[in-house]
Amino acid sequence: MIDLKILRENPELVKNNAKLRGCDVDIDALVALDKEYLDLTRDIENLRAERNRLSKECQKNPEARETVKQLKVTLGEKEARQTEVKALVDEKITWLPNFLAADVPMGETDADNVAIRFVGEKPQFPFQARDHQAIGEILGIIDTERGAKVAQSGFYYWVGAGALLTQAMYFWAQKELVKRGFTLFMSPCAAKERTLFGTGYLPFFKDQTYNLAGEDLALIGTSEQTLVAYHTDEVLAAESLPRRYTAYTPCFRTEAGSYGKESRGIFRVHQFHKVEQIIFCLPEDSPKCHEFCLENEEYLLQSLGLPYRVVNVCVGDLGAPGAKKYDIEAWYPGFGAYREVTSNTNLTDFQSRRLNIRYKSDKGDRGYVHTISATGLTDRVVCAILENYQQEDGSVVIPEVLRPFTGFDKIQAPIKK
RNA sequence: GGAGAGAUGCCGGAGUGGUCGAACGGGACGGUCUCGAAAACCGUUAACGAGCUUGCUCGUUCCAGGGUUCGAAUCCCUGUCUCUCCGCCA
């Protein structure tokens, strides 16, 4: 949600931003509606003041009742129109994208994202590298077939050593983030419409949501939704910022319309798992906090020994709520490509305005907090481990940092008969 | 799932039709006193929106949404949430 004052004072700014971000909301029409709303508001407030004044008189002078009744007819008409206009304004304004940061690259698709650095050595294999699906099948640790049988295509099981490796990675990552100042949460995995709207998933990603029948509830697409909304309608002490939160949850996405894209393996699925980083901070600190989350992501991937590149996401590939986004793409030898494993977005005050999350300092400064939403690690990282640590016989060596958590240093290939 | 009670400011808690943005108490902040502090005493203490003479005026807000009334924290309806008891249960 953008600040209406900016729309009133500088509609050109809003217009240019919307155009740049491919938003087709008619800003001129919006400005006209907003003006009508303001005019009505002034009229209504004057009428109410008059009504309130007359009402007080009624105690001494009962004749005034008739005057009030007449006045209320006009007032009612204006209020009805105001409600109508407000709904129209709201409908438009909820679709307006956040203001873009100055250093977001231009471009339309992920192909236009700008790589800002490459880290780590790609492993060289004296054999044909397999992708994670092939490795998962050899080792019996990924079961998509039964995921489909029991739930639906797009669901899967981690099995045996694969499940242990995955859990080990998540537990390790949570501990690392706690060391870096994050508070660990266990979060609800369902949330109401206001939460999804407030975090910017509605209306923009409505078709990605699993709604629960007969309830104002949907399965979360990410713990960002429940962690950011944790402070809905709250005023945070400025001195308590930045607040860093993390949680490990399943994430549910319908992936409507994306069948066929990256469909091999468990890259694009209906349920995956994620350790999330969320930061609430003062507006002036959000660029710094955004970089901090990126450092954490890089630290985790480096500790796991995975080669990756960092990209500055271009405007066309950046969701409407974001002001700036970094993706990290890990190297997948089996695919022979860098593929997205994390994303890290500075949402500035877009979510905090929708969710009414403010800060207040001792001196009385107040405003909306900024939020950063970044991945820690996801199941895709386990896939990257499988592909980068694979051996010729199909076995997989466990990254050193995870061995204390798995209790084994290799997932053995079954003996061939 | 069944029965009952409740939701008021930063917190506790009064208020059952106007004089209520809201008693009283606590907290916080400012002041007096003090070498300093404590205590005591005095005072201040909401947010949001609109307007302009930028400090004031007006409007809105006592869980939310409707309704009754000249007038609603207060009465009526609906919803949400919380608590207690019973049942069920990891």
# chains A, B, ... in the order shown; residues from 1 in each chain; ligands from 1

$ residues_around --residues "segment 209-225 of chain A" --least-positions-apart "4" --cutoff "9 Å" --atoms "only C-alpha atoms (C1' of nucleotides)" --output "PyMOL selection string"
chain A and resi 187-193+195-196+198-202+205+229-230+246-255+271+273-278+373-374

$ interface_residues --of "chain A" --to "chain B" --cutoff "7 Å" --atoms "only C-alpha atoms (C1' of nucleotides)" --output "VMD selection string"
chain A and resid 42 45 49 55 58 65 68

$ atom_distance --atom1 "atom C1' of U74 of chain B" --atom2 "atom CA of Val235 of chain A"
29.3 Å

$ select_by_dssp --residues "segment 154-309 of chain A" --states "strand (DSSP E or B)" --output "mmCIF file with N, CA and C atoms, in the first residue's frame"
data_model
loop_
_atom_site.group_PDB
_atom_site.id
_atom_site.type_symbol
_atom_site.label_atom_id
_atom_site.label_comp_id
_atom_site.auth_asym_id
_atom_site.auth_seq_id
_atom_site.Cartn_x
_atom_site.Cartn_y
_atom_site.Cartn_z
ATOM 1 N N PHE A 155 3.283 -33.141 -4.799
ATOM 2 C CA PHE A 155 3.653 -33.410 -3.404
ATOM 3 C C PHE A 155 4.633 -34.569 -3.406
ATOM 4 N N TYR A 157 7.610 -37.087 -0.820
ATOM 5 C CA TYR A 157 8.184 -37.471 0.467
ATOM 6 C C TYR A 157 9.692 -37.356 0.402
ATOM 7 N N TRP A 158 10.306 -36.880 1.479
ATOM 8 C CA TRP A 158 11.715 -37.168 1.749
ATOM 9 C C TRP A 158 11.715 -38.449 2.563
ATOM 10 N N THR A 183 15.227 -14.289 16.457
ATOM 11 C CA THR A 183 14.383 -15.006 17.407
ATOM 12 C C THR A 183 13.654 -16.097 16.642
ATOM 13 N N LEU A 184 13.724 -17.320 17.177
ATOM 14 C CA LEU A 184 13.113 -18.452 16.484
ATOM 15 C C LEU A 184 11.640 -18.597 16.864
ATOM 16 N N PHE A 185 10.815 -18.781 15.855
ATOM 17 C CA PHE A 185 9.381 -18.992 16.074
ATOM 18 C C PHE A 185 8.958 -20.339 15.514
ATOM 19 N N ALA A 190 -1.533 -21.665 8.808
ATOM 20 C CA ALA A 190 -2.706 -21.161 8.099
ATOM 21 C C ALA A 190 -2.880 -19.718 8.533
ATOM 22 N N ALA A 191 -3.503 -18.929 7.680
ATOM 23 C CA ALA A 191 -3.669 -17.515 8.003
ATOM 24 C C ALA A 191 -4.939 -16.995 7.338
ATOM 25 N N ASN A 211 -7.024 -22.219 -0.273
ATOM 26 C CA ASN A 211 -8.001 -21.792 0.731
ATOM 27 C C ASN A 211 -8.622 -23.003 1.405
ATOM 28 N N ALA A 218 -6.350 -19.764 4.873
ATOM 29 C CA ALA A 218 -5.645 -20.384 3.758
ATOM 30 C C ALA A 218 -4.349 -20.960 4.300
ATOM 31 N N LEU A 219 -3.836 -21.999 3.656
ATOM 32 C CA LEU A 219 -2.521 -22.513 4.018
ATOM 33 C C LEU A 219 -1.495 -21.448 3.651
ATOM 34 N N VAL A 235 2.216 -0.951 17.693
ATOM 35 C CA VAL A 235 3.189 0.133 17.634
ATOM 36 C C VAL A 235 4.441 -0.372 18.348
ATOM 37 N N LEU A 236 5.535 -0.520 17.617
ATOM 38 C CA LEU A 236 6.759 -1.074 18.200
ATOM 39 C C LEU A 236 7.640 0.075 18.685
ATOM 40 N N ALA A 237 8.248 -0.134 19.834
ATOM 41 C CA ALA A 237 9.193 0.873 20.333
ATOM 42 C C ALA A 237 10.370 0.938 19.364
ATOM 43 N N ARG A 243 14.016 -5.830 14.715
ATOM 44 C CA ARG A 243 13.636 -7.135 15.253
ATOM 45 C C ARG A 243 13.841 -8.160 14.159
ATOM 46 N N ARG A 244 14.566 -9.218 14.486
ATOM 47 C CA ARG A 244 14.873 -10.254 13.490
ATOM 48 C C ARG A 244 14.164 -11.530 13.894
ATOM 49 N N TYR A 245 13.324 -12.038 13.024
ATOM 50 C CA TYR A 245 12.543 -13.242 13.318
ATOM 51 C C TYR A 245 12.847 -14.323 12.304
ATOM 52 N N THR A 246 12.821 -15.555 12.762
ATOM 53 C CA THR A 246 12.980 -16.677 11.840
ATOM 54 C C THR A 246 12.021 -17.798 12.223
ATOM 55 N N ALA A 247 11.636 -18.597 11.253
ATOM 56 C CA ALA A 247 10.774 -19.751 11.504
ATOM 57 C C ALA A 247 11.010 -20.775 10.405
ATOM 58 N N TYR A 248 10.742 -21.997 10.755
ATOM 59 C CA TYR A 248 10.810 -23.092 9.792
ATOM 60 C C TYR A 248 9.392 -23.621 9.629
ATOM 61 N N THR A 249 8.860 -23.571 8.419
ATOM 62 C CA THR A 249 7.490 -24.059 8.193
ATOM 63 C C THR A 249 7.392 -24.704 6.818
ATOM 64 N N PRO A 250 6.348 -25.506 6.619
ATOM 65 C CA PRO A 250 6.000 -25.890 5.263
ATOM 66 C C PRO A 250 5.402 -24.682 4.539
ATOM 67 N N CYS A 251 5.497 -24.677 3.228
ATOM 68 C CA CYS A 251 4.949 -23.595 2.414
ATOM 69 C C CYS A 251 4.093 -24.232 1.324
ATOM 70 N N PHE A 252 2.882 -23.717 1.165
ATOM 71 C CA PHE A 252 1.941 -24.342 0.234
ATOM 72 C C PHE A 252 1.618 -23.385 -0.915
ATOM 73 N N GLN A 271 4.053 -28.282 -1.986
ATOM 74 C CA GLN A 271 4.484 -28.104 -0.602
ATOM 75 C C GLN A 271 5.980 -28.251 -0.518
ATOM 76 N N PHE A 272 6.634 -27.205 -0.022
ATOM 77 C CA PHE A 272 8.053 -27.336 0.284
ATOM 78 C C PHE A 272 8.273 -26.779 1.680
ATOM 79 N N HIS A 273 9.522 -26.696 2.078
ATOM 80 C CA HIS A 273 9.819 -26.274 3.453
ATOM 81 C C HIS A 273 10.843 -25.167 3.411
ATOM 82 N N LYS A 274 10.783 -24.320 4.413
ATOM 83 C CA LYS A 274 11.643 -23.140 4.322
ATOM 84 C C LYS A 274 11.967 -22.604 5.706
ATOM 85 N N VAL A 275 13.216 -22.199 5.868
ATOM 86 C CA VAL A 275 13.599 -21.363 7.006
ATOM 87 C C VAL A 275 13.615 -19.936 6.492
ATOM 88 N N GLU A 276 12.906 -19.071 7.176
ATOM 89 C CA GLU A 276 12.685 -17.711 6.702
ATOM 90 C C GLU A 276 13.416 -16.704 7.575
ATOM 91 N N GLN A 277 13.797 -15.573 6.980
ATOM 92 C CA GLN A 277 14.318 -14.454 7.766
ATOM 93 C C GLN A 277 13.378 -13.268 7.577
ATOM 94 N N ILE A 278 12.943 -12.692 8.681
ATOM 95 C CA ILE A 278 12.102 -11.501 8.626
ATOM 96 C C ILE A 278 12.736 -10.433 9.504
ATOM 97 N N ILE A 279 12.802 -9.204 8.986
ATOM 98 C CA ILE A 279 13.291 -8.105 9.824
ATOM 99 C C ILE A 279 12.288 -6.951 9.805
ATOM 100 N N PHE A 280 11.992 -6.429 10.982
ATOM 101 C CA PHE A 280 11.244 -5.177 11.121
ATOM 102 C C PHE A 280 12.276 -4.124 11.510
ATOM 103 N N CYS A 281 12.311 -3.002 10.790
ATOM 104 C CA CYS A 281 13.328 -1.999 11.126
ATOM 105 C C CYS A 281 12.819 -0.590 10.864
ATOM 106 N N TYR A 308 27.408 -20.520 -6.058
ATOM 107 C CA TYR A 308 26.181 -19.774 -6.339
ATOM 108 C C TYR A 308 26.521 -18.434 -6.973
ATOM 109 N N ARG A 309 25.491 -17.782 -7.464
ATOM 110 C CA ARG A 309 25.666 -16.391 -7.874
ATOM 111 C C ARG A 309 24.534 -15.566 -7.274
#

$ closest_residue --among "B:G26, B:G13, B:C48, B:A3" --to "U61 of chain B" --atoms "only C-alpha atoms (C1' of nucleotides)"
B:C48

$ residues_around --residues "Ala18 of chain A" --least-positions-apart "2" --cutoff "9 Å" --atoms "only C-alpha atoms (C1' of nucleotides)" --output "PDB file with C-alpha atoms, in the first residue's frame"
ATOM      1  CA  LEU A  13       5.685   9.932  -9.379  1.00  0.00           C
ATOM      2  CA  VAL A  14       3.017   7.293  -8.821  1.00  0.00           C
ATOM      3  CA  LYS A  15       2.172   7.232 -12.493  1.00  0.00           C
ATOM      4  CA  ASN A  16       5.767   6.713 -13.594  1.00  0.00           C
ATOM      5  CA  LEU A  20       7.575   1.130 -15.078  1.00  0.00           C
ATOM      6  CA  ARG A  21       6.174  -1.843 -13.182  1.00  0.00           C
ATOM      7  CA  GLY A  22       3.552  -2.762 -15.738  1.00  0.00           C
ATOM      8  CA  CYS A  23       0.614  -1.781 -13.559  1.00  0.00           C
ATOM      9  CA  ASP A  24      -2.414  -0.769 -15.611  1.00  0.00           C
ATOM     10  CA  VAL A  25      -4.339   1.091 -12.901  1.00  0.00           C
ATOM     11  CA  ILE A  27      -3.881   6.867 -12.013  1.00  0.00           C
ATOM     12  CA  LEU A  96      -0.603  -0.192  -6.987  1.00  0.00           C
ATOM     13  CA  PRO A  97       2.939  -1.550  -6.754  1.00  0.00           C
ATOM     14  CA  ASN A  98       5.472  -0.408  -4.202  1.00  0.00           C
ATOM     15  CA  PHE A  99       7.915   2.343  -5.182  1.00  0.00           C
TER      16      PHE A  99
END

$ atom_distance --atom1 "atom CA of Pro123 of chain A" --atom2 "atom CA of Arg268 of chain A"
24.4 Å

$ atom_distance --atom1 "atom CA of Asn388 of chain A" --atom2 "atom CA of Lys122 of chain A"
8.1 Å

$ closest_residue --among "B:C56, B:A37, B:A46, B:A73" --to "G9 of chain B" --atoms "only C-alpha atoms (C1' of nucleotides)"
B:A46

$ closest_residue --among "A:Ala101, A:Ile266, A:Ala163, A:Leu33" --to "Ile411 of chain A" --atoms "only C-alpha atoms"
A:Ala163

$ residues_around --residues "A5 of chain B" --least-positions-apart "5" --cutoff "12 Å" --atoms "only C-alpha atoms (C1' of nucleotides)" --output "list in words"
U82, C83, U84 and C85 of chain B

$ write_last_selection --atoms "C-alpha atoms (C1' of nucleotides)" --output "tab-separated table (two decimals), in the first residue's frame"
chain	number	residue	atom	x	y	z
B	82	U	C1'	-11.20	-14.29	24.99
B	83	C	C1'	-12.31	-16.71	29.65
B	84	U	C1'	-14.89	-20.56	32.86
B	85	C	C1'	-17.32	-25.38	33.23

$ select_by_dssp --residues "segment 74-117 of chain A" --states "helix (DSSP H, G or I)" --output "PDB file with N, CA and C atoms, in the first residue's frame"
ATOM      1  N   THR A  74     -29.618  14.587   3.913  1.00  0.00           N
ATOM      2  CA  THR A  74     -28.486  15.016   3.086  1.00  0.00           C
ATOM      3  C   THR A  74     -27.217  14.287   3.490  1.00  0.00           C
ATOM      4  N   LEU A  75     -27.012  14.215   4.784  1.00  0.00           N
ATOM      5  CA  LEU A  75     -25.813  13.574   5.307  1.00  0.00           C
ATOM      6  C   LEU A  75     -25.754  12.112   4.852  1.00  0.00           C
ATOM      7  N   GLY A  76     -26.880  11.424   4.961  1.00  0.00           N
ATOM      8  CA  GLY A  76     -26.944  10.014   4.582  1.00  0.00           C
ATOM      9  C   GLY A  76     -26.584   9.808   3.121  1.00  0.00           C
ATOM     10  N   GLU A  77     -27.090  10.696   2.273  1.00  0.00           N
ATOM     11  CA  GLU A  77     -26.787  10.582   0.842  1.00  0.00           C
ATOM     12  C   GLU A  77     -25.295  10.741   0.593  1.00  0.00           C
ATOM     13  N   LYS A  78     -24.731  11.735   1.236  1.00  0.00           N
ATOM     14  CA  LYS A  78     -23.294  11.984   1.024  1.00  0.00           C
ATOM     15  C   LYS A  78     -22.465  10.834   1.573  1.00  0.00           C
ATOM     16  N   GLU A  79     -22.885  10.303   2.712  1.00  0.00           N
ATOM     17  CA  GLU A  79     -22.131   9.203   3.306  1.00  0.00           C
ATOM     18  C   GLU A  79     -22.178   7.961   2.415  1.00  0.00           C
ATOM     19  N   ALA A  80     -23.345   7.730   1.816  1.00  0.00           N
ATOM     20  CA  ALA A  80     -23.486   6.571   0.934  1.00  0.00           C
ATOM     21  C   ALA A  80     -22.532   6.706  -0.256  1.00  0.00           C
ATOM     22  N   ARG A  81     -22.505   7.922  -0.821  1.00  0.00           N
ATOM     23  CA  ARG A  81     -21.624   8.156  -1.959  1.00  0.00           C
ATOM     24  C   ARG A  81     -20.158   8.032  -1.531  1.00  0.00           C
ATOM     25  N   GLN A  82     -19.847   8.510  -0.339  1.00  0.00           N
ATOM     26  CA  GLN A  82     -18.475   8.433   0.151  1.00  0.00           C
ATOM     27  C   GLN A  82     -18.027   6.977   0.298  1.00  0.00           C
ATOM     28  N   THR A  83     -18.919   6.149   0.808  1.00  0.00           N
ATOM     29  CA  THR A  83     -18.608   4.722   0.961  1.00  0.00           C
ATOM     30  C   THR A  83     -18.308   4.090  -0.395  1.00  0.00           C
ATOM     31  N   GLU A  84     -19.157   4.472  -1.364  1.00  0.00           N
ATOM     32  CA  GLU A  84     -18.975   3.977  -2.731  1.00  0.00           C
ATOM     33  C   GLU A  84     -17.612   4.378  -3.289  1.00  0.00           C
ATOM     34  N   VAL A  85     -17.315   5.675  -3.145  1.00  0.00           N
ATOM     35  CA  VAL A  85     -16.069   6.210  -3.704  1.00  0.00           C
ATOM     36  C   VAL A  85     -14.863   5.594  -3.000  1.00  0.00           C
ATOM     37  N   LYS A  86     -14.981   5.445  -1.693  1.00  0.00           N
ATOM     38  CA  LYS A  86     -13.884   4.864  -0.916  1.00  0.00           C
ATOM     39  C   LYS A  86     -13.577   3.446  -1.397  1.00  0.00           C
ATOM     40  N   ALA A  87     -14.636   2.684  -1.670  1.00  0.00           N
ATOM     41  CA  ALA A  87     -14.459   1.315  -2.141  1.00  0.00           C
ATOM     42  C   ALA A  87     -13.737   1.298  -3.488  1.00  0.00           C
ATOM     43  N   LEU A  88     -14.102   2.264  -4.356  1.00  0.00           N
ATOM     44  CA  LEU A  88     -13.456   2.346  -5.668  1.00  0.00           C
ATOM     45  C   LEU A  88     -11.982   2.714  -5.526  1.00  0.00           C
ATOM     46  N   VAL A  89     -11.704   3.665  -4.643  1.00  0.00           N
ATOM     47  CA  VAL A  89     -10.320   4.083  -4.409  1.00  0.00           C
ATOM     48  C   VAL A  89      -9.512   2.906  -3.862  1.00  0.00           C
ATOM     49  N   ASP A  90     -10.078   2.228  -2.875  1.00  0.00           N
ATOM     50  CA  ASP A  90      -9.375   1.098  -2.256  1.00  0.00           C
ATOM     51  C   ASP A  90      -9.080   0.002  -3.264  1.00  0.00           C
ATOM     52  N   GLU A  91     -10.072  -0.284  -4.084  1.00  0.00           N
ATOM     53  CA  GLU A  91      -9.915  -1.333  -5.088  1.00  0.00           C
ATOM     54  C   GLU A  91      -8.724  -1.024  -5.997  1.00  0.00           C
ATOM     55  N   LYS A  92      -8.589   0.248  -6.362  1.00  0.00           N
ATOM     56  CA  LYS A  92      -7.487   0.618  -7.247  1.00  0.00           C
ATOM     57  C   LYS A  92      -6.164   0.653  -6.509  1.00  0.00           C
ATOM     58  N   ILE A  93      -6.198   1.223  -5.320  1.00  0.00           N
ATOM     59  CA  ILE A  93      -4.927   1.470  -4.638  1.00  0.00           C
ATOM     60  C   ILE A  93      -4.272   0.174  -4.161  1.00  0.00           C
ATOM     61  N   ASP A 110      13.480 -12.887 -15.893  1.00  0.00           N
ATOM     62  CA  ASP A 110      14.648 -13.246 -15.088  1.00  0.00           C
ATOM     63  C   ASP A 110      15.941 -13.237 -15.913  1.00  0.00           C
ATOM     64  N   ALA A 111      15.788 -13.292 -17.226  1.00  0.00           N
ATOM     65  CA  ALA A 111      16.978 -13.224 -18.082  1.00  0.00           C
ATOM     66  C   ALA A 111      17.639 -11.849 -17.981  1.00  0.00           C
ATOM     67  N   ASP A 112      16.874 -10.842 -17.546  1.00  0.00           N
ATOM     68  CA  ASP A 112      17.417  -9.486 -17.450  1.00  0.00           C
ATOM     69  C   ASP A 112      17.962  -9.161 -16.058  1.00  0.00           C
TER      70      ASP A 112
END

$ residues_around --residues "G25 of chain B" --least-positions-apart "4" --cutoff "12 Å" --atoms "only C-alpha atoms (C1' of nucleotides)" --output "list in words"
C11, G12, G13 and A14 of chain B

$ residues_around --residues "Gln391 of chain A" --least-positions-apart "5" --cutoff "12 Å" --atoms "only C-alpha atoms (C1' of nucleotides)" --output "NGL selection string"
:A and (123-131 or 135 or 138-139 or 333-334 or 385-386 or 396-398 or 410-413)
